[in-house]
file final.txt (compact mmCIF, C-alpha atoms)
# COMPACT_ATOMS: atom_id res chain seq x y z
CA MET A 24 0.00 0.00 0.00
CA LEU A 25 2.76 2.42 0.93
CA HIS A 26 5.03 1.86 -2.07
CA ARG A 27 6.06 4.75 -4.29
CA ARG A 28 3.73 5.21 -7.22
CA PRO A 29 4.97 6.34 -10.63
CA GLU A 30 4.62 10.10 -11.28
CA ARG A 31 2.56 9.45 -14.38
CA GLU A 32 -0.65 8.26 -12.73
CA PRO A 33 -3.66 10.42 -13.64
CA VAL A 34 -4.12 11.59 -10.05
CA ASP A 35 -0.48 12.79 -9.98
CA ARG A 36 -0.90 14.76 -13.17
CA VAL A 37 -4.08 16.42 -11.89
CA PHE A 38 -2.58 17.31 -8.49
CA HIS A 39 0.51 18.67 -10.27
CA ALA A 40 -1.64 20.73 -12.65
CA LEU A 41 -3.67 22.19 -9.76
CA ALA A 42 -0.61 23.12 -7.68
CA ASP A 43 0.15 26.26 -9.71
CA PRO A 44 -2.00 29.31 -8.79
CA ASN A 45 -1.89 30.67 -12.37
CA ARG A 46 -3.14 27.37 -13.75
CA ARG A 47 -6.00 27.55 -11.23
CA VAL A 48 -6.78 31.08 -12.48
CA ILE A 49 -7.05 29.60 -16.01
CA LEU A 50 -9.40 26.86 -14.73
CA GLU A 51 -11.49 29.40 -12.81
CA ARG A 52 -11.95 31.37 -16.05
CA LEU A 53 -12.73 28.22 -18.09
CA SER A 54 -15.32 26.99 -15.58
CA ARG A 55 -17.38 30.02 -16.66
CA GLY A 56 -17.16 28.99 -20.33
CA PRO A 57 -14.69 28.33 -23.18
CA ALA A 58 -12.04 30.95 -23.95
CA THR A 59 -9.34 31.54 -26.53
CA VAL A 60 -5.67 31.37 -25.54
CA SER A 61 -5.35 35.15 -25.87
CA GLU A 62 -8.44 35.71 -23.68
CA LEU A 63 -6.90 33.41 -21.07
CA SER A 64 -3.53 35.15 -21.19
CA ARG A 65 -4.91 38.70 -20.78
CA PRO A 66 -5.22 38.76 -16.95
CA LEU A 67 -2.07 36.69 -16.34
CA PRO A 68 1.23 38.45 -15.48
CA MET A 69 3.32 36.43 -17.97
CA SER A 70 4.19 35.98 -21.64
CA LEU A 71 1.86 34.23 -24.08
CA SER A 72 4.35 31.37 -24.38
CA ALA A 73 4.30 30.87 -20.61
CA VAL A 74 0.50 30.68 -20.77
CA VAL A 75 0.76 28.11 -23.56
CA GLN A 76 3.09 26.02 -21.37
CA HIS A 77 0.60 26.14 -18.50
CA LEU A 78 -2.15 25.11 -20.92
CA GLN A 79 -0.04 22.14 -22.02
CA VAL A 80 0.25 20.95 -18.41
CA LEU A 81 -3.52 21.36 -18.03
CA GLN A 82 -4.15 19.41 -21.24
CA VAL A 83 -1.81 16.56 -20.25
CA SER A 84 -3.72 16.31 -16.94
CA GLY A 85 -7.01 16.05 -18.83
CA LEU A 86 -8.43 19.15 -17.10
CA VAL A 87 -8.51 21.18 -20.33
CA ARG A 88 -9.05 20.35 -23.96
CA SER A 89 -8.60 22.71 -26.86
CA GLU A 90 -9.58 22.99 -30.50
CA LYS A 91 -7.95 25.10 -33.19
CA VAL A 92 -10.17 26.70 -35.84
CA GLY A 93 -8.19 28.73 -38.35
CA ARG A 94 -5.63 30.62 -36.25
CA VAL A 95 -7.68 30.66 -33.04
CA ARG A 96 -7.29 28.00 -30.35
CA THR A 97 -10.27 27.74 -27.99
CA CYS A 98 -9.96 25.97 -24.63
CA GLN A 99 -12.58 24.24 -22.56
CA ILE A 100 -12.53 22.77 -19.04
CA GLU A 101 -13.19 19.05 -18.43
CA PRO A 102 -14.55 19.02 -14.86
CA ALA A 103 -14.71 15.18 -14.88
CA ALA A 104 -10.90 15.16 -14.72
CA LEU A 105 -11.17 16.54 -11.17
CA ARG A 106 -12.74 13.26 -10.02
CA PRO A 107 -9.51 11.39 -9.08
CA VAL A 108 -8.62 14.30 -6.77
CA GLU A 109 -12.11 14.36 -5.24
CA ARG A 110 -11.93 10.59 -4.72
CA TRP A 111 -8.51 10.85 -3.07
CA ILE A 112 -9.73 13.55 -0.67
CA GLY A 113 -12.93 11.60 0.08
CA ALA A 114 -10.92 8.44 0.83
CA ARG A 115 -8.71 10.33 3.32
CA ARG A 116 -11.74 11.79 5.03
CA SER A 117 -13.58 8.46 5.33
CA SER A 118 -10.46 6.63 6.49
CA TRP A 119 -10.03 9.30 9.17
CA GLU A 120 -13.71 9.17 10.20
CA ARG A 121 -13.57 5.37 10.52
CA ARG A 122 -10.59 5.83 12.82
CA LEU A 123 -12.49 8.37 14.94
CA ASP A 124 -15.48 5.98 15.12
CA ARG A 125 -13.25 3.14 16.33
CA LEU A 126 -11.64 5.45 18.87
CA GLY A 127 -15.10 6.58 20.06
CA GLU A 128 -16.22 2.96 20.52
CA TYR A 129 -13.03 2.18 22.38
CA LEU A 130 -13.51 5.13 24.74
CA ALA A 131 -17.24 4.31 25.19
CA GLU A 132 -16.16 0.91 26.50
CA GLY A 133 -14.47 2.76 29.35
CA ASN A 134 -10.88 2.55 28.10
CA ASP A 135 -8.37 5.38 28.06
CA GLU A 136 -7.23 6.69 24.69
CA PRO A 137 -4.47 4.45 23.30
CA LYS A 138 -1.04 6.07 23.02
CA GLY A 139 -0.35 7.82 19.68
CA GLY A 140 1.42 5.87 16.95
CA LYS A 141 0.75 2.45 18.41
CA ARG A 142 -2.49 1.39 16.71
CA MET B 11 -11.32 38.21 -10.25
CA LEU B 12 -8.51 37.09 -12.54
CA HIS B 13 -5.64 38.83 -10.78
CA ARG B 14 -2.64 36.92 -9.52
CA ARG B 15 -3.00 35.82 -5.94
CA PRO B 16 -0.03 35.64 -3.59
CA GLU B 17 1.53 32.17 -3.22
CA ARG B 18 1.02 32.24 0.51
CA GLU B 19 -2.77 31.84 0.60
CA PRO B 20 -3.88 28.74 2.53
CA VAL B 21 -5.36 27.13 -0.58
CA ASP B 22 -2.00 27.53 -2.39
CA ARG B 23 -0.11 25.90 0.45
CA VAL B 24 -2.52 22.96 0.54
CA PHE B 25 -2.47 22.42 -3.25
CA HIS B 26 1.34 22.65 -3.16
CA ALA B 27 1.54 20.14 -0.31
CA LEU B 28 -0.74 17.68 -2.12
CA ALA B 29 1.15 17.90 -5.44
CA ASP B 30 3.94 15.57 -4.31
CA PRO B 31 3.11 11.83 -4.47
CA ASN B 32 5.34 11.02 -1.48
CA ARG B 33 3.59 13.63 0.63
CA ARG B 34 0.28 12.03 -0.34
CA VAL B 35 1.67 8.62 0.75
CA ILE B 36 2.41 10.22 4.15
CA LEU B 37 -1.15 11.59 4.34
CA GLU B 38 -2.60 8.21 3.31
CA ARG B 39 -0.73 6.60 6.20
CA LEU B 40 -1.75 9.31 8.69
CA SER B 41 -5.41 9.10 7.73
CA ARG B 42 -5.33 5.61 9.28
CA GLY B 43 -3.93 6.99 12.56
CA PRO B 44 -0.99 8.90 14.08
CA ALA B 45 2.54 7.73 13.30
CA THR B 46 6.08 8.58 14.34
CA VAL B 47 8.48 10.16 11.86
CA SER B 48 10.44 6.91 11.61
CA GLU B 49 7.26 4.89 10.97
CA LEU B 50 6.37 7.35 8.20
CA SER B 51 9.81 7.17 6.65
CA ARG B 52 10.01 3.36 6.52
CA PRO B 53 8.09 2.79 3.24
CA LEU B 54 9.46 5.91 1.51
CA PRO B 55 12.43 5.61 -0.88
CA MET B 56 14.35 8.55 0.63
CA SER B 57 16.47 9.69 3.55
CA LEU B 58 14.98 10.55 6.93
CA SER B 59 15.93 14.20 6.40
CA ALA B 60 13.99 14.26 3.10
CA VAL B 61 10.97 12.85 4.95
CA VAL B 62 11.35 15.58 7.58
CA GLN B 63 11.36 18.20 4.81
CA HIS B 64 8.16 16.77 3.34
CA LEU B 65 6.62 16.81 6.83
CA GLN B 66 7.56 20.48 7.18
CA VAL B 67 5.69 21.31 3.96
CA LEU B 68 2.69 19.34 5.25
CA GLN B 69 2.80 21.16 8.59
CA VAL B 70 3.04 24.61 6.96
CA SER B 71 -0.04 23.71 4.89
CA GLY B 72 -1.93 22.78 8.06
CA LEU B 73 -2.53 19.21 6.84
CA VAL B 74 -0.32 17.66 9.53
CA ARG B 75 0.52 18.56 13.09
CA SER B 76 3.15 16.91 15.23
CA GLU B 77 4.10 16.62 18.86
CA LYS B 78 7.46 15.65 20.32
CA VAL B 79 7.53 13.57 23.49
CA GLY B 80 11.06 12.82 24.63
CA ARG B 81 12.95 11.95 21.45
CA VAL B 82 9.92 10.72 19.50
CA ARG B 83 7.92 13.03 17.21
CA THR B 84 4.39 11.77 16.45
CA CYS B 85 2.43 13.16 13.50
CA GLN B 86 -1.29 13.43 13.01
CA ILE B 87 -3.42 14.42 10.01
CA GLU B 88 -5.76 17.45 10.14
CA PRO B 89 -8.43 16.55 7.56
CA ALA B 90 -10.14 19.95 8.06
CA ALA B 91 -7.20 21.54 6.22
CA LEU B 92 -8.43 19.83 3.02
CA ARG B 93 -11.54 22.04 3.03
CA PRO B 94 -10.16 24.97 0.96
CA VAL B 95 -9.29 22.47 -1.80
CA GLU B 96 -12.70 20.81 -1.62
CA ARG B 97 -14.35 24.24 -1.77
CA TRP B 98 -12.25 25.26 -4.79
CA ILE B 99 -13.18 22.07 -6.67
CA GLY B 100 -16.85 22.42 -5.70
CA ALA B 101 -16.88 26.02 -6.95
CA ARG B 102 -15.45 24.98 -10.34
CA ARG B 103 -18.02 22.22 -10.66
CA SER B 104 -20.99 24.45 -9.76
CA SER B 105 -19.80 27.26 -12.01
CA TRP B 106 -19.55 24.74 -14.85
CA GLU B 107 -22.96 23.23 -14.10
CA ARG B 108 -24.58 26.68 -14.08
CA ARG B 109 -23.06 27.27 -17.50
CA LEU B 110 -24.45 23.95 -18.78
CA ASP B 111 -27.89 24.85 -17.37
CA ARG B 112 -27.84 28.21 -19.17
CA LEU B 113 -26.74 26.48 -22.38
CA GLY B 114 -29.53 23.91 -21.98
CA GLU B 115 -32.14 26.65 -21.55
CA TYR B 116 -30.76 28.47 -24.58
CA LEU B 117 -30.98 25.33 -26.73
CA ALA B 118 -34.45 24.48 -25.36
CA GLU B 119 -35.61 27.86 -26.69
CA GLY B 120 -34.78 26.54 -30.16
CA ASN B 121 -31.46 28.32 -30.66
CA ASP B 122 -28.32 26.74 -32.04
CA GLU B 123 -25.36 26.37 -29.68
CA PRO B 124 -23.44 29.66 -29.53
CA LYS B 125 -19.94 29.53 -31.01
CA GLY B 126 -17.17 28.66 -28.50
CA GLY B 127 -15.45 31.53 -26.71
CA LYS B 128 -18.02 34.14 -27.77
CA ARG B 129 -20.64 34.07 -24.97
call {"tool": "encode", "arguments": {"input": "final.txt", "output": "structure tokens"}}
result
Amino acid sequence: MLHRRPEREPVDRVFHALADPNRRVILERLSRGPATVSELSRPLPMSLSAVVQHLQVLQVSGLVRSEKVGRVRTCQIEPAALRPVERWIGARRSSWERRLDRLGEYLAEGNDEPKGGKR
Amino acid sequence: MLHRRPEREPVDRVFHALADPNRRVILERLSRGPATVSELSRPLPMSLSAVVQHLQVLQVSGLVRSEKVGRVRTCQIEPAALRPVERWIGARRSSWERRLDRLGEYLAEGNDEPKGGKR
């Protein structure tokens, strides 16, 4: 369970894509509707080529897809690609809640809390 | 809305902390219960000091807190610190769903789909 997983798993790519605040600004804009690359670059404090690099990371993660018509590339968000991240967070929460439930039962039986790190 | 936000916002720190697969392995272990630093380091393919650095990032993000008793430091997960990330994802999803609803209404009125990037 606790072995190192390869960097290329979908959940890794999505977490990596989300870690950059400028990429999240792009996703925030795209969640309100499709936008061209130049529309996306306008509010960002960086060159157009830097924006294109961020978009490539977003596309590799599956969070964004784009289509080129003539000279204009239009980008669109794929909210379904957020699911691995939501699942990961949900699994942590439920694993933690199960632990709290077990601890509650243990204490309800009149025991003291077990020492940390020994379960 | 689309201005650059400082890196130090809580949501940035949490996304940054989650972006590393080894840090997520640590959180997966801690969601099953507290663990000492040496227990956490055992399955990870790195030095103890690298594990300590990862733990520092996790602590700065608020996802982990630790307590030292004698020579043993025990770590614990703080699942509440995941909330800013859950809220961010939820906001993207609802923004996107509102857009789809508006598009559905527009099409139900007998219009063609508007061209991408021009709404």
call {"tool": "atom_distance", "arguments": {"input": "final.txt", "atom1": "atom CA of Pro33 of chain A", "atom2": "atom CA of Gly85 of chain A"}}
result
8.4 Å
call {"tool": "residues_near_point", "arguments": {"input": "final.txt", "point": "(-16.7, 21.1, -2.4)", "cutoff": "12 Å", "atoms": "only C-alpha atoms", "output": "ChimeraX atom specification"}}
result
/A:105-106,108-110,112-113 /B:92-105
call {"tool": "atom_distance", "arguments": {"input": "final.txt", "atom1": "atom CA of Ile100 of chain A", "atom2": "atom CA of Gly56 of chain A"}}
result
7.9 Å
call {"tool": "interface_residues", "arguments": {"input": "final.txt", "of": "chain A", "to": "chain B", "cutoff": "7 Å", "atoms": "all atoms listed in the file", "output": "VMD selection string"}}
result
chain A and resid 25 to 27 35 38 to 39 41 to 42 44 to 45 48 51 54 to 59 66 to 67 97 102 115 to 116 118 to 119 122 139 to 140
call {"tool": "atom_distance", "arguments": {"input": "final.txt", "atom1": "atom CA of Leu86 of chain A", "atom2": "atom CA of Ala104 of chain A"}}
result
5.3 Å
